[in-house]
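Colleague: As input, take query_12.pdb (PDB, C-alpha atoms):
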```pdb
ATOM      1  CA  MET A 199     134.957 119.339 -11.576  1.00  0.00           C
ATOM      2  CA  LYS A 200     134.324 121.266  -8.402  1.00  0.00           C
ATOM      3  CA  ILE A 201     130.645 121.732  -7.677  1.00  0.00           C
ATOM      4  CA  LEU A 202     128.977 123.687  -4.905  1.00  0.00           C
ATOM      5  CA  PHE A 203     125.661 122.397  -3.527  1.00  0.00           C
ATOM      6  CA  VAL A 204     123.600 124.983  -1.633  1.00  0.00           C
ATOM      7  CA  LEU A 205     120.999 123.688   0.824  1.00  0.00           C
ATOM      8  CA  THR A 206     118.438 125.485   2.978  1.00  0.00           C
ATOM      9  CA  SER A 207     118.916 126.130   6.701  1.00  0.00           C
ATOM     10  CA  HIS A 208     115.172 126.697   7.217  1.00  0.00           C
ATOM     11  CA  ASP A 209     113.235 123.970   9.031  1.00  0.00           C
ATOM     12  CA  GLN A 210     109.819 125.463   9.862  1.00  0.00           C
ATOM     13  CA  LEU A 211     106.838 124.981   7.529  1.00  0.00           C
ATOM     14  CA  GLY A 212     105.294 128.424   7.969  1.00  0.00           C
ATOM     15  CA  ASP A 213     103.312 128.544  11.224  1.00  0.00           C
ATOM     16  CA  THR A 214     101.951 124.994  10.901  1.00  0.00           C
ATOM     17  CA  GLY A 215     104.281 123.699  13.615  1.00  0.00           C
ATOM     18  CA  LYS A 216     105.503 121.121  11.077  1.00  0.00           C
ATOM     19  CA  LYS A 217     109.090 120.710   9.961  1.00  0.00           C
ATOM     20  CA  THR A 218     110.568 121.262   6.506  1.00  0.00           C
ATOM     21  CA  GLY A 219     114.077 121.489   5.032  1.00  0.00           C
ATOM     22  CA  PHE A 220     115.682 120.077   1.882  1.00  0.00           C
ATOM     23  CA  TRP A 221     114.171 117.189  -0.096  1.00  0.00           C
ATOM     24  CA  VAL A 222     116.415 114.123   0.135  1.00  0.00           C
ATOM     25  CA  GLU A 223     115.880 112.853  -3.444  1.00  0.00           C
ATOM     26  CA  GLU A 224     116.683 116.287  -4.886  1.00  0.00           C
ATOM     27  CA  PHE A 225     120.013 116.240  -3.096  1.00  0.00           C
ATOM     28  CA  ALA A 226     120.849 112.531  -3.416  1.00  0.00           C
ATOM     29  CA  ALA A 227     120.112 111.968  -7.124  1.00  0.00           C
ATOM     30  CA  PRO A 228     122.335 114.832  -8.376  1.00  0.00           C
ATOM     31  CA  TYR A 229     124.926 114.294  -5.648  1.00  0.00           C
ATOM     32  CA  TYR A 230     125.587 110.687  -6.635  1.00  0.00           C
ATOM     33  CA  ALA A 231     125.221 111.328 -10.376  1.00  0.00           C
ATOM     34  CA  LEU A 232     127.973 113.948 -10.124  1.00  0.00           C
ATOM     35  CA  LEU A 233     130.098 112.205  -7.481  1.00  0.00           C
ATOM     36  CA  ASP A 234     130.219 109.003  -9.545  1.00  0.00           C
ATOM     37  CA  LYS A 235     131.564 111.046 -12.467  1.00  0.00           C
ATOM     38  CA  GLY A 236     134.441 112.273 -10.309  1.00  0.00           C
ATOM     39  CA  ALA A 237     133.051 115.614  -9.157  1.00  0.00           C
ATOM     40  CA  GLU A 238     134.406 117.170  -5.991  1.00  0.00           C
ATOM     41  CA  ILE A 239     131.342 118.419  -4.087  1.00  0.00           C
ATOM     42  CA  THR A 240     131.153 121.032  -1.332  1.00  0.00           C
ATOM     43  CA  VAL A 241     127.884 121.554   0.563  1.00  0.00           C
ATOM     44  CA  ALA A 242     126.968 124.916   2.098  1.00  0.00           C
ATOM     45  CA  THR A 243     123.944 126.439   3.869  1.00  0.00           C
ATOM     46  CA  PRO A 244     123.173 129.997   5.038  1.00  0.00           C
ATOM     47  CA  LYS A 245     123.819 129.076   8.689  1.00  0.00           C
ATOM     48  CA  GLY A 246     126.344 126.254   8.221  1.00  0.00           C
ATOM     49  CA  GLY A 247     126.257 123.073  10.295  1.00  0.00           C
ATOM     50  CA  GLN A 248     123.358 120.600  10.129  1.00  0.00           C
ATOM     51  CA  ALA A 249     121.153 121.032   7.057  1.00  0.00           C
ATOM     52  CA  PRO A 250     117.533 120.184   7.954  1.00  0.00           C
ATOM     53  CA  ILE A 251     115.939 117.285   6.075  1.00  0.00           C
ATOM     54  CA  ASP A 252     112.269 117.581   5.143  1.00  0.00           C
ATOM     55  CA  PRO A 253     110.608 114.691   7.040  1.00  0.00           C
ATOM     56  CA  SER A 254     108.141 114.160   4.160  1.00  0.00           C
ATOM     57  CA  SER A 255     111.065 113.282   1.889  1.00  0.00           C
ATOM     58  CA  ASP A 256     112.209 110.594   4.297  1.00  0.00           C
ATOM     59  CA  THR A 257     109.015 108.513   4.200  1.00  0.00           C
ATOM     60  CA  GLU A 258     108.767 105.043   2.666  1.00  0.00           C
ATOM     61  CA  ASP A 259     106.909 106.188  -0.479  1.00  0.00           C
ATOM     62  CA  ALA A 260     109.544 108.856  -1.217  1.00  0.00           C
ATOM     63  CA  GLN A 261     112.419 106.359  -1.436  1.00  0.00           C
ATOM     64  CA  THR A 262     114.522 105.857  -4.584  1.00  0.00           C
ATOM     65  CA  LYS A 263     117.788 104.038  -5.228  1.00  0.00           C
ATOM     66  CA  ASP A 264     119.624 107.279  -4.452  1.00  0.00           C
ATOM     67  CA  THR A 265     117.795 108.047  -1.201  1.00  0.00           C
ATOM     68  CA  LYS A 266     118.485 104.482  -0.040  1.00  0.00           C
ATOM     69  CA  ARG A 267     122.167 104.965  -0.844  1.00  0.00           C
ATOM     70  CA  PHE A 268     122.070 108.287   1.036  1.00  0.00           C
ATOM     71  CA  LYS A 269     120.587 106.580   4.122  1.00  0.00           C
ATOM     72  CA  GLU A 270     123.482 104.125   4.272  1.00  0.00           C
ATOM     73  CA  ASP A 271     126.233 106.593   3.407  1.00  0.00           C
ATOM     74  CA  LYS A 272     128.026 107.635   6.613  1.00  0.00           C
ATOM     75  CA  GLU A 273     130.314 109.998   4.738  1.00  0.00           C
ATOM     76  CA  VAL A 274     127.483 112.045   3.238  1.00  0.00           C
ATOM     77  CA  LYS A 275     125.631 112.147   6.580  1.00  0.00           C
ATOM     78  CA  GLU A 276     128.767 113.724   8.031  1.00  0.00           C
ATOM     79  CA  ILE A 277     128.810 116.316   5.224  1.00  0.00           C
ATOM     80  CA  ILE A 278     125.116 117.200   5.787  1.00  0.00           C
ATOM     81  CA  ALA A 279     125.750 117.547   9.537  1.00  0.00           C
ATOM     82  CA  ASN A 280     128.685 119.914   8.970  1.00  0.00           C
ATOM     83  CA  THR A 281     127.824 122.094   5.989  1.00  0.00           C
ATOM     84  CA  LYS A 282     129.967 125.136   5.300  1.00  0.00           C
ATOM     85  CA  VAL A 283     128.647 128.640   5.984  1.00  0.00           C
ATOM     86  CA  LEU A 284     127.493 130.124   2.676  1.00  0.00           C
ATOM     87  CA  ALA A 285     129.170 133.483   3.404  1.00  0.00           C
ATOM     88  CA  ASP A 286     132.553 131.704   3.597  1.00  0.00           C
ATOM     89  CA  VAL A 287     132.223 130.232   0.114  1.00  0.00           C
ATOM     90  CA  ASN A 288     133.865 131.780  -2.963  1.00  0.00           C
ATOM     91  CA  ALA A 289     132.354 131.267  -6.429  1.00  0.00           C
ATOM     92  CA  ASN A 290     135.872 131.402  -7.927  1.00  0.00           C
ATOM     93  CA  ASP A 291     136.639 128.038  -6.310  1.00  0.00           C
ATOM     94  CA  PHE A 292     133.892 126.178  -8.210  1.00  0.00           C
ATOM     95  CA  ASP A 293     132.910 125.247 -11.747  1.00  0.00           C
ATOM     96  CA  ALA A 294     129.146 125.148 -11.112  1.00  0.00           C
ATOM     97  CA  VAL A 295     126.481 125.522  -8.429  1.00  0.00           C
ATOM     98  CA  PHE A 296     123.491 123.291  -7.737  1.00  0.00           C
ATOM     99  CA  TYR A 297     120.477 124.111  -5.542  1.00  0.00           C
ATOM    100  CA  PRO A 298     118.317 121.161  -4.408  1.00  0.00           C
ATOM    101  CA  GLY A 299     114.770 122.012  -3.320  1.00  0.00           C
ATOM    102  CA  GLY A 300     112.385 121.142  -0.537  1.00  0.00           C
ATOM    103  CA  HIS A 301     110.134 123.871   0.873  1.00  0.00           C
ATOM    104  CA  GLY A 302     112.897 125.413   3.018  1.00  0.00           C
ATOM    105  CA  PRO A 303     114.400 127.614   0.251  1.00  0.00           C
ATOM    106  CA  LEU A 304     111.090 129.510  -0.113  1.00  0.00           C
ATOM    107  CA  TRP A 305     111.778 131.068   3.279  1.00  0.00           C
ATOM    108  CA  ASP A 306     115.543 131.522   3.470  1.00  0.00           C
ATOM    109  CA  LEU A 307     117.320 131.215   0.111  1.00  0.00           C
ATOM    110  CA  ALA A 308     114.703 133.323  -1.696  1.00  0.00           C
ATOM    111  CA  ASN A 309     115.762 136.313   0.408  1.00  0.00           C
ATOM    112  CA  ASP A 310     119.352 135.456   1.322  1.00  0.00           C
ATOM    113  CA  LEU A 311     121.541 138.234  -0.061  1.00  0.00           C
ATOM    114  CA  THR A 312     124.699 136.101   0.194  1.00  0.00           C
ATOM    115  CA  SER A 313     123.030 133.466  -1.979  1.00  0.00           C
ATOM    116  CA  VAL A 314     121.735 136.125  -4.399  1.00  0.00           C
ATOM    117  CA  LYS A 315     125.233 137.576  -4.842  1.00  0.00           C
ATOM    118  CA  LEU A 316     126.725 134.099  -5.222  1.00  0.00           C
ATOM    119  CA  ILE A 317     124.327 133.151  -8.036  1.00  0.00           C
ATOM    120  CA  GLU A 318     124.959 136.497  -9.724  1.00  0.00           C
ATOM    121  CA  THR A 319     128.717 135.885  -9.569  1.00  0.00           C
ATOM    122  CA  PHE A 320     128.441 132.352 -11.018  1.00  0.00           C
ATOM    123  CA  ASN A 321     126.254 133.792 -13.776  1.00  0.00           C
ATOM    124  CA  GLU A 322     128.695 136.650 -14.522  1.00  0.00           C
ATOM    125  CA  GLN A 323     131.428 134.016 -14.805  1.00  0.00           C
ATOM    126  CA  GLU A 324     129.175 132.088 -17.228  1.00  0.00           C
ATOM    127  CA  LYS A 325     129.289 128.959 -15.084  1.00  0.00           C
ATOM    128  CA  PRO A 326     126.341 126.535 -14.914  1.00  0.00           C
ATOM    129  CA  ILE A 327     123.722 127.382 -12.282  1.00  0.00           C
ATOM    130  CA  ALA A 328     121.177 124.618 -11.614  1.00  0.00           C
ATOM    131  CA  PHE A 329     118.002 124.444  -9.529  1.00  0.00           C
ATOM    132  CA  VAL A 330     115.321 121.816  -9.008  1.00  0.00           C
ATOM    133  CA  CYS A 331     111.718 121.834  -7.737  1.00  0.00           C
ATOM    134  CA  HIS A 332     111.357 124.597  -5.098  1.00  0.00           C
ATOM    135  CA  ALA A 333     114.995 125.681  -5.419  1.00  0.00           C
ATOM    136  CA  PRO A 334     114.284 128.162  -8.260  1.00  0.00           C
ATOM    137  CA  ALA A 335     112.839 130.191  -5.353  1.00  0.00           C
ATOM    138  CA  ALA A 336     116.492 131.192  -4.812  1.00  0.00           C
ATOM    139  CA  LEU A 337     116.294 133.117  -8.119  1.00  0.00           C
ATOM    140  CA  LYS A 338     113.557 135.451  -6.846  1.00  0.00           C
ATOM    141  CA  ARG A 339     115.840 138.425  -6.193  1.00  0.00           C
ATOM    142  CA  VAL A 340     118.708 137.514  -8.534  1.00  0.00           C
ATOM    143  CA  SER A 341     119.559 139.959 -11.333  1.00  0.00           C
ATOM    144  CA  GLY A 342     121.233 139.170 -14.627  1.00  0.00           C
ATOM    145  CA  THR A 343     124.198 141.111 -15.995  1.00  0.00           C
ATOM    146  CA  ASP A 344     121.712 143.572 -17.588  1.00  0.00           C
ATOM    147  CA  GLY A 345     120.156 144.455 -14.236  1.00  0.00           C
ATOM    148  CA  ASN A 346     116.845 142.753 -15.048  1.00  0.00           C
ATOM    149  CA  PRO A 347     115.661 139.664 -13.149  1.00  0.00           C
ATOM    150  CA  LEU A 348     117.974 136.811 -14.173  1.00  0.00           C
ATOM    151  CA  VAL A 349     115.077 134.670 -15.397  1.00  0.00           C
ATOM    152  CA  LYS A 350     113.586 137.431 -17.594  1.00  0.00           C
ATOM    153  CA  GLY A 351     113.229 136.123 -21.149  1.00  0.00           C
ATOM    154  CA  LYS A 352     114.767 132.767 -20.180  1.00  0.00           C
ATOM    155  CA  LYS A 353     113.192 129.324 -20.426  1.00  0.00           C
ATOM    156  CA  VAL A 354     112.556 128.039 -16.907  1.00  0.00           C
ATOM    157  CA  THR A 355     110.577 125.497 -14.937  1.00  0.00           C
ATOM    158  CA  GLY A 356     110.030 124.722 -11.253  1.00  0.00           C
ATOM    159  CA  PHE A 357     107.451 123.280  -8.856  1.00  0.00           C
ATOM    160  CA  THR A 358     104.032 123.899 -10.402  1.00  0.00           C
ATOM    161  CA  ASN A 359     101.049 125.587  -8.788  1.00  0.00           C
ATOM    162  CA  SER A 360      99.039 122.388  -9.274  1.00  0.00           C
ATOM    163  CA  GLU A 361     101.750 120.296  -7.588  1.00  0.00           C
ATOM    164  CA  GLU A 362     101.752 122.722  -4.640  1.00  0.00           C
ATOM    165  CA  GLU A 363      97.974 122.359  -4.495  1.00  0.00           C
ATOM    166  CA  ALA A 364      98.309 118.559  -4.549  1.00  0.00           C
ATOM    167  CA  VAL A 365     100.502 118.651  -1.431  1.00  0.00           C
ATOM    168  CA  GLN A 366      98.026 121.133   0.132  1.00  0.00           C
ATOM    169  CA  LEU A 367     100.580 123.828   0.900  1.00  0.00           C
ATOM    170  CA  THR A 368      99.365 126.609  -1.423  1.00  0.00           C
ATOM    171  CA  GLU A 369      98.103 128.671   1.534  1.00  0.00           C
ATOM    172  CA  ILE A 370     101.185 127.947   3.699  1.00  0.00           C
ATOM    173  CA  VAL A 371     104.088 128.871   1.410  1.00  0.00           C
ATOM    174  CA  PRO A 372     105.217 132.528   1.189  1.00  0.00           C
ATOM    175  CA  PHE A 373     104.891 132.425  -2.625  1.00  0.00           C
ATOM    176  CA  LEU A 374     104.381 129.975  -5.493  1.00  0.00           C
ATOM    177  CA  VAL A 375     107.448 129.123  -7.576  1.00  0.00           C
ATOM    178  CA  GLU A 376     105.547 129.020 -10.884  1.00  0.00           C
ATOM    179  CA  ASP A 377     103.945 132.439 -10.249  1.00  0.00           C
ATOM    180  CA  MET A 378     107.214 134.051  -9.133  1.00  0.00           C
ATOM    181  CA  LEU A 379     109.139 132.829 -12.188  1.00  0.00           C
ATOM    182  CA  GLN A 380     106.445 134.220 -14.493  1.00  0.00           C
ATOM    183  CA  GLU A 381     106.196 137.512 -12.587  1.00  0.00           C
ATOM    184  CA  ASN A 382     109.964 137.911 -13.019  1.00  0.00           C
ATOM    185  CA  GLY A 383     109.561 137.486 -16.776  1.00  0.00           C
ATOM    186  CA  GLY A 384     110.634 133.860 -17.081  1.00  0.00           C
ATOM    187  CA  ILE A 385     109.344 131.817 -20.025  1.00  0.00           C
ATOM    188  CA  TYR A 386     107.814 129.152 -17.804  1.00  0.00           C
ATOM    189  CA  SER A 387     106.884 125.697 -19.049  1.00  0.00           C
ATOM    190  CA  LYS A 388     105.917 122.436 -17.359  1.00  0.00           C
ATOM    191  CA  LYS A 389     104.814 118.875 -17.923  1.00  0.00           C
ATOM    192  CA  GLU A 390     101.989 117.100 -16.102  1.00  0.00           C
ATOM    193  CA  ASP A 391     102.259 116.932 -12.321  1.00  0.00           C
ATOM    194  CA  TRP A 392     105.142 114.790 -11.027  1.00  0.00           C
ATOM    195  CA  ALA A 393     106.575 114.097 -14.508  1.00  0.00           C
ATOM    196  CA  ALA A 394     110.357 114.407 -14.925  1.00  0.00           C
ATOM    197  CA  TYR A 395     111.090 117.654 -16.769  1.00  0.00           C
ATOM    198  CA  ALA A 396     114.102 119.964 -16.978  1.00  0.00           C
ATOM    199  CA  VAL A 397     114.969 122.895 -19.217  1.00  0.00           C
ATOM    200  CA  GLN A 398     118.194 124.667 -20.006  1.00  0.00           C
ATOM    201  CA  ASP A 399     118.681 128.211 -21.281  1.00  0.00           C
ATOM    202  CA  GLY A 400     122.347 129.084 -21.636  1.00  0.00           C
ATOM    203  CA  ASN A 401     123.996 128.367 -18.296  1.00  0.00           C
ATOM    204  CA  LEU A 402     120.661 128.278 -16.397  1.00  0.00           C
ATOM    205  CA  ILE A 403     119.236 124.805 -15.722  1.00  0.00           C
ATOM    206  CA  THR A 404     115.928 124.224 -13.913  1.00  0.00           C
ATOM    207  CA  GLY A 405     113.882 121.117 -13.059  1.00  0.00           C
ATOM    208  CA  GLN A 406     110.178 120.846 -12.231  1.00  0.00           C
ATOM    209  CA  ASN A 407     109.961 118.489  -9.243  1.00  0.00           C
ATOM    210  CA  PRO A 408     111.806 115.743  -7.290  1.00  0.00           C
ATOM    211  CA  ALA A 409     111.562 113.328 -10.237  1.00  0.00           C
ATOM    212  CA  SER A 410     113.467 115.870 -12.365  1.00  0.00           C
ATOM    213  CA  SER A 411     116.573 115.908 -10.152  1.00  0.00           C
ATOM    214  CA  GLU A 412     118.555 113.430 -12.224  1.00  0.00           C
ATOM    215  CA  LEU A 413     117.697 115.206 -15.488  1.00  0.00           C
ATOM    216  CA  VAL A 414     119.032 118.460 -14.040  1.00  0.00           C
ATOM    217  CA  ALA A 415     122.238 116.689 -12.982  1.00  0.00           C
ATOM    218  CA  GLU A 416     122.634 115.224 -16.504  1.00  0.00           C
ATOM    219  CA  LYS A 417     122.259 118.681 -18.062  1.00  0.00           C
ATOM    220  CA  LEU A 418     124.714 120.111 -15.538  1.00  0.00           C
ATOM    221  CA  LEU A 419     127.275 117.396 -16.370  1.00  0.00           C
ATOM    222  CA  ALA A 420     126.867 118.029 -20.093  1.00  0.00           C
ATOM    223  CA  ALA A 421     127.323 121.772 -19.527  1.00  0.00           C
ATOM    224  CA  LEU A 422     130.603 121.132 -17.711  1.00  0.00           C
ATOM    225  CA  LYS A 423     132.109 119.063 -20.500  1.00  0.00           C
TER     226      LYS A 423
END
```
Could the structure of this file be written out as structure tokens, please?
Modeller:
Amino acid sequence: MKILFVLTSHDQLGDTGKKTGFWVEEFAAPYYALLDKGAEITVATPKGGQAPIDPSSDTEDAQTKDTKRFKEDKEVKEIIANTKVLADVNANDFDAVFYPGGHGPLWDLANDLTSVKLIETFNEQEKPIAFVCHAPAALKRVSGTDGNPLVKGKKVTGFTNSEEEAVQLTEIVPFLVEDMLQENGGIYSKKEDWAAYAVQDGNLITGQNPASSELVAEKLLAALK
């Protein structure tokens, strides 16, 4: 099992002067779930090098068993500090792709044409493509094999408008994940705020929020078997 993880390179939270990046739990939970099952994982970002961590995901109340393991894992810190450049990555070398969230992807991965093409290639090859929380933002400009938006007519989930409101970033983000998925024709569903929830439609797997990360990884593992 060779799995590609794609992280954001974007570290600015709009014009607030605050930092953003990827959400640690959304990387750590799937990373360890897959690693412990023998997966070979490669991590890439649009710019390569150090992937920015969202400081809000590093606070005491955001800790889980996986984020604690991440904090003490020198090997994974090295990987995050030296991510591969996304343009140098070939979909043919992997069995699946996984996009962790955090607010960063709303700015870079949503519009990154290399990422768009990569997802389209994985989809054409009928390999699992998985996204959690804000990461479905990366699907914004992705087309399916029929030329329509990839999510059109597909069951999807992602960070909800009410969750975005709860973290008081509705006015800061360039767009809302829930709205975008619906505008692109996705059959969007959700559970209550912060509940673990993931849906699968064919090879497309999406999760609602950080708590859904492990569920997405489980579905991805099952899809690879």
Colleague: Could you list the residues chosen by the PyMOL selection byres ((chain A and resi 253-257) around 10) in this structure as a ChimeraX atom specification?
Modeller: /A:209,216-224,250-252,258-261,265-266,269,300,408
Colleague: Using the chain letters and numbers from the file, which residues does the PyMOL selection byres ((chain A and resi 204) around 7) grab, as a list of chain:residue names?
Modeller: A:Leu202, A:Phe203, A:Leu205, A:Thr206, A:Val241, A:Ala242, A:Thr243, A:Phe296, A:Tyr297
Colleague: Name the residues that the PyMOL selection byres ((chain A and resi 318) around 9) picks from the file above, as a count of residues only, using the file's chain letters and numbers.
Modeller: 15
Colleague: Nearest to Gly383 of chain A among A:Gly400, A:Pro334, A:Pro228, A:Gly351, with distances taken over all atoms listed in the file: which residue is it?
Modeller: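 Nearest to Gly383 of chain A: A:Gly351.
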Colleague: Which residues, protein or nucleic acid, reach to within 12 Å of (107.9, 128.2, 11.8) in the file's coordinates when using all atoms listed in the file, and can you give that as a ChimeraX atom specification?
Modeller: /A:208-219,301-302,305-306,370-372
Colleague: Which is closer to Val295 of chain A than all the others in A:Ile239, A:Cys331, A:Leu307, A:Ile277, using all atoms listed in the file?
Modeller: A:Ile239
Colleague: Give the answer as one residue: which of A:Met199, A:Val274, A:Leu304, A:Leu379 has the shortest atom-to-atom distance to Ala226 of chain A, using all atoms listed in the file?
Modeller: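 Closest to Ala226 of chain A, using all atoms listed in the file: A:Val274.
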Colleague: Could you tell me how far atom CA of Ser387 of chain A sits from atom CA of Gln406 of chain A, in Å to one decimal place?
Modeller: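 One can read the atom CA of Gln406 of chain A to atom CA of Ser387 of chain A distance as 9.0 Å.
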Colleague: Using all atoms listed in the file, which protein or nucleic acid residues come within 12 Å of Glu363 of chain A? Drop anything in the same chain fewer than 6 positions from it, and give the result as JSON, numbers by chain.
Modeller: {"A": [357, 369, 370, 371, 374, 376, 391]}
Colleague: Kindly save the residues from that selection, with C-alpha atoms included, as a PDB file, in the coordinates of the input.
Modeller:
```pdb
ATOM      1  CA  PHE A 357     107.451 123.280  -8.856  1.00  0.00           C
ATOM      2  CA  GLU A 369      98.103 128.671   1.534  1.00  0.00           C
ATOM      3  CA  ILE A 370     101.185 127.947   3.699  1.00  0.00           C
ATOM      4  CA  VAL A 371     104.088 128.871   1.410  1.00  0.00           C
ATOM      5  CA  LEU A 374     104.381 129.975  -5.493  1.00  0.00           C
ATOM      6  CA  GLU A 376     105.547 129.020 -10.884  1.00  0.00           C
ATOM      7  CA  ASP A 391     102.259 116.932 -12.321  1.00  0.00           C
TER       8      ASP A 391
END
```
Colleague: Can you work out which one of A:Leu418, A:Ala393, A:Ala285, A:Ile327 has the shortest atom-to-atom distance to Glu361 of chain A, counting only C-alpha atoms?
Modeller: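 Ranked by minimum distance to Glu361 of chain A, first place goes to A:Ala393.
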Colleague: Using only C-alpha atoms, determine which residues lie at most 12 Å from Lys352 of chain A, disregarding the query and same-chain residues fewer than 2 positions distant; provide the list as a list in words.
Modeller: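 My list of contacting residues is Gly342, Asn346, Pro347, Leu348, Val349, Lys350, Val354, Thr355, Leu379, Gln380, Asn382, Gly383, Gly384, Ile385, Tyr386, Ser387, Val397, Gln398, Asp399, Gly400, Asn401, Leu402, Ile403 and Thr404 of chain A.
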Colleague: Separation of atom CA of Ala294 of chain A and atom CA of Phe268 of chain A, in Å?
Modeller: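 Distance reported for this atom pair: 22.0 Å.
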Colleague: To one decimal place, how far is atom CA of Thr368 of chain A from atom CA of Thr262 of chain A in Å?
Modeller: 25.9 Å
Colleague: So, counting all atoms listed in the file, which residue among A:Val283, A:Leu232, A:Ala227, A:Leu422 is closest to Gly246 of chain A?
Modeller: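 Smallest distance to Gly246 of chain A is found for A:Val283.
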Colleague: For Lys325 of chain A, which of A:Ala409, A:Ala289, A:Ala231, A:Val414 is the closest residue, counting all atoms listed in the file?
Modeller: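 Closest to Lys325 of chain A of all the choices is A:Ala289.
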